[in-house]
Amino acid sequence: MSSLRLHIFVRRFLGLLALFFCFAAPHLRGQSVHRLNSSRLVVNALQLDPDPPQSNQPRAPTRGETDQYRLSRERYDKAVSYSRAGYTLYFISYFLSAVVLLLILRLGVAARFRGIAEAASDRKWIQCLVFVPLLLLLTDLFELPVRVYWHALSLRYQQSIQHWGSWIVDWAKEEVLSIGLAGLLVFVLTFAMRRSPRRWWFYFWLAALPILLFFFFISPWFIDPLFNHFEPLAKEHPQLVTSIGRLTQRAGVPIPGDRMFLMRASEKTNAINAYVTGIGASKRVVIWDTAIQKTSADETLFILGHELGHYVLGHIAIGFSFFALALLLALYVMFRALHWSLQRWGAEWKIHGPEDLAAIAVLFLWLEILSFISSPIANGFSRMQEHAADVYGLEVIHGLVPNSEEVAAHGFQVLGELDLADPNPPPFITFWLYSHPPLAERLVFAHAYDPWSKDEPPKYVK
Ligand SMILES: [Zn+2]
């Protein structure tokens, strides 16, 4: 729902990309970064602000009121400094990961890890089981200070309320999951490389897609519950499920109530959010309990309308196709880049050839570089989908909620205040790392969107 949210970043098509990146490559758990601006809550906007806009007092807005994203002076300064710190850490994090991998290669650490793995066993899968955790743990330890700093900042700006013990436990769980998935993928990759030295990039792609799809498919059941508590939305909010039923009926695409879940985000954050995840039988809409607590009932419906847009417009399937193509291209580039790098520096890095396990560190380095330079494309694609979901959300609540454009605009206002959304991000930053259009733009668009009075046909919900 809101700008630069890890959740959405991680869950939708980028979901898979990020999942892959999160789990397979080093800084991946790149949450550090993408989580950056995503963070959570403001425990007490009322205490912090001399003149807080009524974020904690949901009320029925009147039309025409919320025509711009406005913040009190204090909140404005906080939003700007918090966001800027996030942007800086984003770039530092990528840079740091690349430098660490380069050092691991140049200092012969990758070659030494390969030596340890080969001494442990002749079996290739055991060698992977030794090499991958060593490499990932080392790179992640170097990245840990950035993540610690970001969490400290989130606590200072009262975006997160997660205490350090719980945060470290989450970090450890992510490590185990990511190392497990990366170990599996690296095993498949090295198998493909031995079998087909010239075409492994294609065979690995064929094999990796179902594996990633499988992880994405099971994640709502087995991975997400490791980090947060979920329950059916109908359990405590049956009236919301009924209202949503009315919304989706109107759109002609009813979504069964058992596809809607509540996430107890308030255990860790006060930020508000919702997202769509899963695929096939695990496809679902998830809303954070904080969103229900901090927005009015109508604003909650708009947030859900936006998420239904992702669901109904098939954004996950489209996103996955986009990701699959990007992955194929990336693997081909990595294949060429690996050969080029080893020709130039293979001897210096003590790597015997592409089939050498130590070459995985070279691939990770290229993955890092490619994921960085492809960010603007992936985020541009994501911003288009987010805008479409905004339009869908506006259309689907129109006529069912009084003053629907104002409701949506005010919903954005609340979201921005709580999450310290940057009121005026530099265009380059939006271009490079915003997965959503800037909040101020979304608010203005929502406020002005009115095809009905101009006799124009609505785009998605006729
Ligand atoms: Zn969205």
# chains A, B, ... in the order shown; residues from 1 in each chain; ligands from 1
$ select_by_dssp --residues "stretch 118-346 of chain A" --states "strand (DSSP E)" --output "short mmCIF file (atom, residue, chain, number, x, y, z; two decimals) with C-alpha atoms, in the first residue's frame"
data_model
loop_
_atom_site.label_atom_id
_atom_site.label_comp_id
_atom_site.auth_asym_id
_atom_site.auth_seq_id
_atom_site.Cartn_x
_atom_site.Cartn_y
_atom_site.Cartn_z
CA PHE A 230 -1.89 -14.70 10.97
CA GLU A 231 -5.56 -15.52 11.34
CA PRO A 232 -8.62 -15.51 9.11
CA MET A 260 -8.49 -12.94 3.50
CA PHE A 261 -6.16 -12.84 6.46
CA LEU A 262 -5.27 -10.56 9.33
CA MET A 263 -1.62 -10.18 10.31
CA ALA A 274 -1.68 -4.74 3.44
CA TYR A 275 -0.48 -7.01 0.67
CA VAL A 276 -1.39 -9.80 -1.72
CA THR A 277 0.72 -12.93 -1.76
CA ARG A 284 -4.53 -14.41 -0.52
CA VAL A 285 -5.06 -10.87 0.67
CA VAL A 286 -3.41 -9.95 3.97
CA ILE A 287 -4.18 -6.83 6.00
CA TRP A 288 -2.18 -5.71 9.02
#
$ residues_near_ligand --ligand "ligand 1" --cutoff "8 Å" --atoms "only C-alpha atoms and all ligand atoms" --output "list in words"
Met1, Ser2, Ile8, Ala274, Tyr275, Val276, His306, Glu307, His310, Gln385, Glu386, His387, Ala389, Asp390 and His436 of chain A
$ write_last_selection --atoms "N, CA and C atoms" --output "short mmCIF file (atom, residue, chain, number, x, y, z; two decimals), in the first residue's frame"
data_model
loop_
_atom_site.label_atom_id
_atom_site.label_comp_id
_atom_site.auth_asym_id
_atom_site.auth_seq_id
_atom_site.Cartn_x
_atom_site.Cartn_y
_atom_site.Cartn_z
N MET A 1 0.83 -1.19 0.00
CA MET A 1 0.00 0.00 0.00
C MET A 1 0.87 1.25 0.00
N SER A 2 1.85 1.29 0.82
CA SER A 2 2.58 2.54 0.93
C SER A 2 3.92 2.45 0.23
N ILE A 8 5.63 -5.32 0.32
CA ILE A 8 5.12 -5.47 -1.01
C ILE A 8 6.26 -5.84 -1.92
N ALA A 274 -0.92 -3.58 3.89
CA ALA A 274 -1.68 -4.74 3.44
C ALA A 274 -0.96 -5.25 2.21
N TYR A 275 -1.14 -6.50 1.87
CA TYR A 275 -0.48 -7.01 0.67
C TYR A 275 -1.18 -8.25 0.14
N VAL A 276 -0.85 -8.59 -1.09
CA VAL A 276 -1.39 -9.80 -1.72
C VAL A 276 -0.21 -10.74 -1.91
N HIS A 306 -7.44 -1.54 -3.00
CA HIS A 306 -6.15 -1.50 -3.70
C HIS A 306 -5.55 -2.91 -3.79
N GLU A 307 -5.57 -3.63 -2.68
CA GLU A 307 -5.01 -4.99 -2.69
C GLU A 307 -5.82 -5.92 -3.58
N HIS A 310 -4.60 -5.70 -7.05
CA HIS A 310 -3.46 -6.58 -7.38
C HIS A 310 -3.96 -8.00 -7.64
N GLN A 385 2.21 -1.07 -11.72
CA GLN A 385 1.20 -1.95 -11.11
C GLN A 385 0.55 -1.29 -9.90
N GLU A 386 1.35 -0.59 -9.11
CA GLU A 386 0.78 0.07 -7.93
C GLU A 386 -0.22 1.15 -8.33
N HIS A 387 0.11 1.86 -9.39
CA HIS A 387 -0.82 2.89 -9.85
C HIS A 387 -2.13 2.23 -10.33
N ALA A 389 -3.37 -0.51 -9.30
CA ALA A 389 -4.11 -0.97 -8.11
C ALA A 389 -4.79 0.20 -7.41
N ASP A 390 -4.15 1.37 -7.43
CA ASP A 390 -4.80 2.57 -6.86
C ASP A 390 -6.08 2.89 -7.63
N HIS A 436 6.70 2.15 -5.30
CA HIS A 436 5.37 2.77 -5.41
C HIS A 436 5.56 4.22 -5.85
#
$ select_by_dssp --residues "stretch 99-244 of chain A" --states "helix (DSSP H, G or I)" --output "PDB file with C-alpha atoms, in the first residue's frame"
ATOM      1  CA  VAL A  99      33.176  -4.559  -1.923  1.00  0.00           C
ATOM      2  CA  VAL A 100      32.994  -7.441   0.549  1.00  0.00           C
ATOM      3  CA  LEU A 101      32.538  -9.979  -2.258  1.00  0.00           C
ATOM      4  CA  LEU A 102      35.387  -8.444  -4.193  1.00  0.00           C
ATOM      5  CA  LEU A 103      37.637  -8.676  -1.144  1.00  0.00           C
ATOM      6  CA  ILE A 104      36.560 -12.274  -0.552  1.00  0.00           C
ATOM      7  CA  LEU A 105      37.766 -13.014  -4.079  1.00  0.00           C
ATOM      8  CA  ARG A 106      40.933 -10.940  -4.067  1.00  0.00           C
ATOM      9  CA  VAL A 109      38.936 -16.348   0.885  1.00  0.00           C
ATOM     10  CA  ALA A 110      36.576 -17.947  -1.648  1.00  0.00           C
ATOM     11  CA  ALA A 111      39.367 -20.321  -2.711  1.00  0.00           C
ATOM     12  CA  ARG A 112      40.060 -21.174   0.926  1.00  0.00           C
ATOM     13  CA  PHE A 113      36.360 -21.931   1.566  1.00  0.00           C
ATOM     14  CA  ARG A 114      36.382 -24.193  -1.499  1.00  0.00           C
ATOM     15  CA  GLY A 115      39.447 -25.961  -0.062  1.00  0.00           C
ATOM     16  CA  ILE A 116      37.616 -26.547   3.233  1.00  0.00           C
ATOM     17  CA  ALA A 117      34.549 -27.846   1.384  1.00  0.00           C
ATOM     18  CA  GLU A 118      36.594 -30.240  -0.755  1.00  0.00           C
ATOM     19  CA  ALA A 119      38.506 -31.483   2.254  1.00  0.00           C
ATOM     20  CA  ALA A 120      35.216 -32.226   4.000  1.00  0.00           C
ATOM     21  CA  LYS A 124      29.304 -32.455  -4.388  1.00  0.00           C
ATOM     22  CA  TRP A 125      26.199 -31.864  -2.304  1.00  0.00           C
ATOM     23  CA  ILE A 126      28.163 -31.960   0.948  1.00  0.00           C
ATOM     24  CA  GLN A 127      30.674 -29.530  -0.553  1.00  0.00           C
ATOM     25  CA  CYS A 128      27.773 -27.148  -1.299  1.00  0.00           C
ATOM     26  CA  LEU A 129      26.494 -27.661   2.215  1.00  0.00           C
ATOM     27  CA  VAL A 130      29.858 -26.467   3.556  1.00  0.00           C
ATOM     28  CA  PHE A 131      30.749 -23.782   1.019  1.00  0.00           C
ATOM     29  CA  VAL A 132      27.441 -21.893   0.757  1.00  0.00           C
ATOM     30  CA  PRO A 133      26.912 -21.315   4.508  1.00  0.00           C
ATOM     31  CA  LEU A 134      30.529 -20.170   4.929  1.00  0.00           C
ATOM     32  CA  LEU A 135      30.254 -17.673   2.089  1.00  0.00           C
ATOM     33  CA  LEU A 136      26.801 -16.358   3.025  1.00  0.00           C
ATOM     34  CA  LEU A 137      27.474 -16.096   6.739  1.00  0.00           C
ATOM     35  CA  LEU A 138      30.652 -14.154   6.110  1.00  0.00           C
ATOM     36  CA  THR A 139      29.022 -11.668   3.718  1.00  0.00           C
ATOM     37  CA  ASP A 140      26.004 -11.309   6.000  1.00  0.00           C
ATOM     38  CA  LEU A 141      28.142 -10.612   9.027  1.00  0.00           C
ATOM     39  CA  PHE A 142      29.716  -7.705   7.171  1.00  0.00           C
ATOM     40  CA  GLU A 143      26.294  -6.462   6.227  1.00  0.00           C
ATOM     41  CA  LEU A 144      24.937  -6.844   9.745  1.00  0.00           C
ATOM     42  CA  PRO A 145      26.081  -3.402  10.980  1.00  0.00           C
ATOM     43  CA  VAL A 146      24.028  -1.712   8.260  1.00  0.00           C
ATOM     44  CA  ARG A 147      20.976  -3.663   9.273  1.00  0.00           C
ATOM     45  CA  VAL A 148      21.569  -3.022  12.969  1.00  0.00           C
ATOM     46  CA  TYR A 149      21.923   0.677  12.265  1.00  0.00           C
ATOM     47  CA  TRP A 150      18.708   0.689  10.265  1.00  0.00           C
ATOM     48  CA  HIS A 151      16.793  -1.048  13.018  1.00  0.00           C
ATOM     49  CA  ALA A 152      18.206   1.376  15.590  1.00  0.00           C
ATOM     50  CA  LEU A 153      17.038   4.231  13.394  1.00  0.00           C
ATOM     51  CA  SER A 154      13.574   2.669  13.029  1.00  0.00           C
ATOM     52  CA  LEU A 155      13.363   2.441  16.807  1.00  0.00           C
ATOM     53  CA  ARG A 156      14.575   6.017  17.268  1.00  0.00           C
ATOM     54  CA  TRP A 164      16.438  -6.374  19.911  1.00  0.00           C
ATOM     55  CA  GLY A 165      16.060  -9.949  21.101  1.00  0.00           C
ATOM     56  CA  SER A 166      13.146 -10.605  18.795  1.00  0.00           C
ATOM     57  CA  TRP A 167      14.895  -8.776  15.971  1.00  0.00           C
ATOM     58  CA  ILE A 168      17.972 -10.983  16.278  1.00  0.00           C
ATOM     59  CA  VAL A 169      15.822 -14.103  16.336  1.00  0.00           C
ATOM     60  CA  ASP A 170      14.172 -12.953  13.091  1.00  0.00           C
ATOM     61  CA  TRP A 171      17.583 -12.307  11.578  1.00  0.00           C
ATOM     62  CA  ALA A 172      18.729 -15.804  12.519  1.00  0.00           C
ATOM     63  CA  LYS A 173      15.606 -17.367  11.001  1.00  0.00           C
ATOM     64  CA  GLU A 174      16.179 -15.458   7.776  1.00  0.00           C
ATOM     65  CA  GLU A 175      19.763 -16.685   7.707  1.00  0.00           C
ATOM     66  CA  VAL A 176      18.724 -20.309   8.081  1.00  0.00           C
ATOM     67  CA  LEU A 177      16.048 -20.025   5.398  1.00  0.00           C
ATOM     68  CA  SER A 178      18.208 -18.124   2.969  1.00  0.00           C
ATOM     69  CA  ILE A 179      21.195 -20.395   3.400  1.00  0.00           C
ATOM     70  CA  GLY A 180      18.962 -23.437   2.932  1.00  0.00           C
ATOM     71  CA  LEU A 181      17.415 -22.146  -0.269  1.00  0.00           C
ATOM     72  CA  ALA A 182      20.715 -20.809  -1.588  1.00  0.00           C
ATOM     73  CA  GLY A 183      22.394 -24.143  -0.833  1.00  0.00           C
ATOM     74  CA  LEU A 184      19.750 -25.970  -2.850  1.00  0.00           C
ATOM     75  CA  LEU A 185      20.000 -23.534  -5.778  1.00  0.00           C
ATOM     76  CA  VAL A 186      23.794 -23.606  -5.800  1.00  0.00           C
ATOM     77  CA  PHE A 187      23.738 -27.406  -5.832  1.00  0.00           C
ATOM     78  CA  VAL A 188      21.427 -27.392  -8.867  1.00  0.00           C
ATOM     79  CA  LEU A 189      23.546 -24.680 -10.478  1.00  0.00           C
ATOM     80  CA  THR A 190      26.843 -26.518 -10.079  1.00  0.00           C
ATOM     81  CA  PHE A 191      25.223 -29.703 -11.362  1.00  0.00           C
ATOM     82  CA  ALA A 192      24.034 -27.837 -14.475  1.00  0.00           C
ATOM     83  CA  MET A 193      27.487 -26.281 -14.919  1.00  0.00           C
ATOM     84  CA  ARG A 194      29.231 -29.634 -14.871  1.00  0.00           C
ATOM     85  CA  ARG A 195      26.741 -31.189 -17.255  1.00  0.00           C
ATOM     86  CA  TRP A 200      24.051 -24.172 -17.903  1.00  0.00           C
ATOM     87  CA  TRP A 201      22.459 -20.722 -17.640  1.00  0.00           C
ATOM     88  CA  PHE A 202      19.454 -22.011 -19.574  1.00  0.00           C
ATOM     89  CA  TYR A 203      19.130 -25.387 -17.797  1.00  0.00           C
ATOM     90  CA  PHE A 204      19.559 -23.776 -14.418  1.00  0.00           C
ATOM     91  CA  TRP A 205      16.823 -21.297 -15.309  1.00  0.00           C
ATOM     92  CA  LEU A 206      14.497 -24.186 -16.223  1.00  0.00           C
ATOM     93  CA  ALA A 207      15.203 -25.875 -12.917  1.00  0.00           C
ATOM     94  CA  ALA A 208      15.219 -22.771 -10.713  1.00  0.00           C
ATOM     95  CA  LEU A 209      11.802 -21.450 -11.767  1.00  0.00           C
ATOM     96  CA  PRO A 210       9.785 -24.344 -10.319  1.00  0.00           C
ATOM     97  CA  ILE A 211      11.911 -24.301  -7.159  1.00  0.00           C
ATOM     98  CA  LEU A 212      11.309 -20.559  -6.642  1.00  0.00           C
ATOM     99  CA  LEU A 213       7.657 -20.946  -7.522  1.00  0.00           C
ATOM    100  CA  PHE A 214       7.354 -23.723  -4.988  1.00  0.00           C
ATOM    101  CA  PHE A 215       8.891 -21.583  -2.249  1.00  0.00           C
ATOM    102  CA  PHE A 216       6.611 -18.710  -3.145  1.00  0.00           C
ATOM    103  CA  PHE A 217       3.634 -21.075  -3.147  1.00  0.00           C
ATOM    104  CA  ILE A 218       4.343 -22.485   0.299  1.00  0.00           C
ATOM    105  CA  SER A 219       5.544 -19.270   1.897  1.00  0.00           C
ATOM    106  CA  PRO A 220       2.110 -18.112   3.171  1.00  0.00           C
ATOM    107  CA  TRP A 221       1.754 -21.424   5.014  1.00  0.00           C
ATOM    108  CA  PHE A 222       5.271 -22.203   6.146  1.00  0.00           C
ATOM    109  CA  ILE A 223       7.548 -19.176   5.895  1.00  0.00           C
ATOM    110  CA  ASP A 224       5.444 -16.099   6.729  1.00  0.00           C
ATOM    111  CA  PRO A 225       4.130 -17.620   9.992  1.00  0.00           C
ATOM    112  CA  LEU A 226       7.730 -17.912  11.184  1.00  0.00           C
ATOM    113  CA  LEU A 233      -9.948 -11.972   8.746  1.00  0.00           C
ATOM    114  CA  ALA A 234     -13.460 -13.273   9.401  1.00  0.00           C
ATOM    115  CA  LYS A 235     -12.527 -14.304  12.937  1.00  0.00           C
ATOM    116  CA  GLU A 236     -12.560 -10.812  14.434  1.00  0.00           C
ATOM    117  CA  PRO A 238     -16.693 -10.553   9.929  1.00  0.00           C
ATOM    118  CA  GLN A 239     -18.306  -7.232   8.973  1.00  0.00           C
ATOM    119  CA  LEU A 240     -15.200  -6.300   7.001  1.00  0.00           C
ATOM    120  CA  VAL A 241     -15.337  -9.588   5.098  1.00  0.00           C
ATOM    121  CA  THR A 242     -18.982  -8.852   4.292  1.00  0.00           C
ATOM    122  CA  SER A 243     -18.146  -5.353   3.024  1.00  0.00           C
ATOM    123  CA  ILE A 244     -15.309  -6.734   0.935  1.00  0.00           C
TER     124      ILE A 244
END
$ residues_around --residues "stretch 369-377 of chain A" --least-positions-apart "2" --cutoff "6 Å" --atoms "only C-alpha atoms" --output "number ranges by chain"
A: 366-367, 379-380, 431-432
$ closest_residue --among "A:Ala271, A:Leu439, A:Val461, A:Leu89" --to "A:Thr295" --atoms "only C-alpha atoms"
A:Ala271
$ closest_residue --among "A:Leu342, A:Ala409, A:Ile429, A:Val362" --to "A:Ile303" --atoms "only C-alpha atoms"
A:Ala409
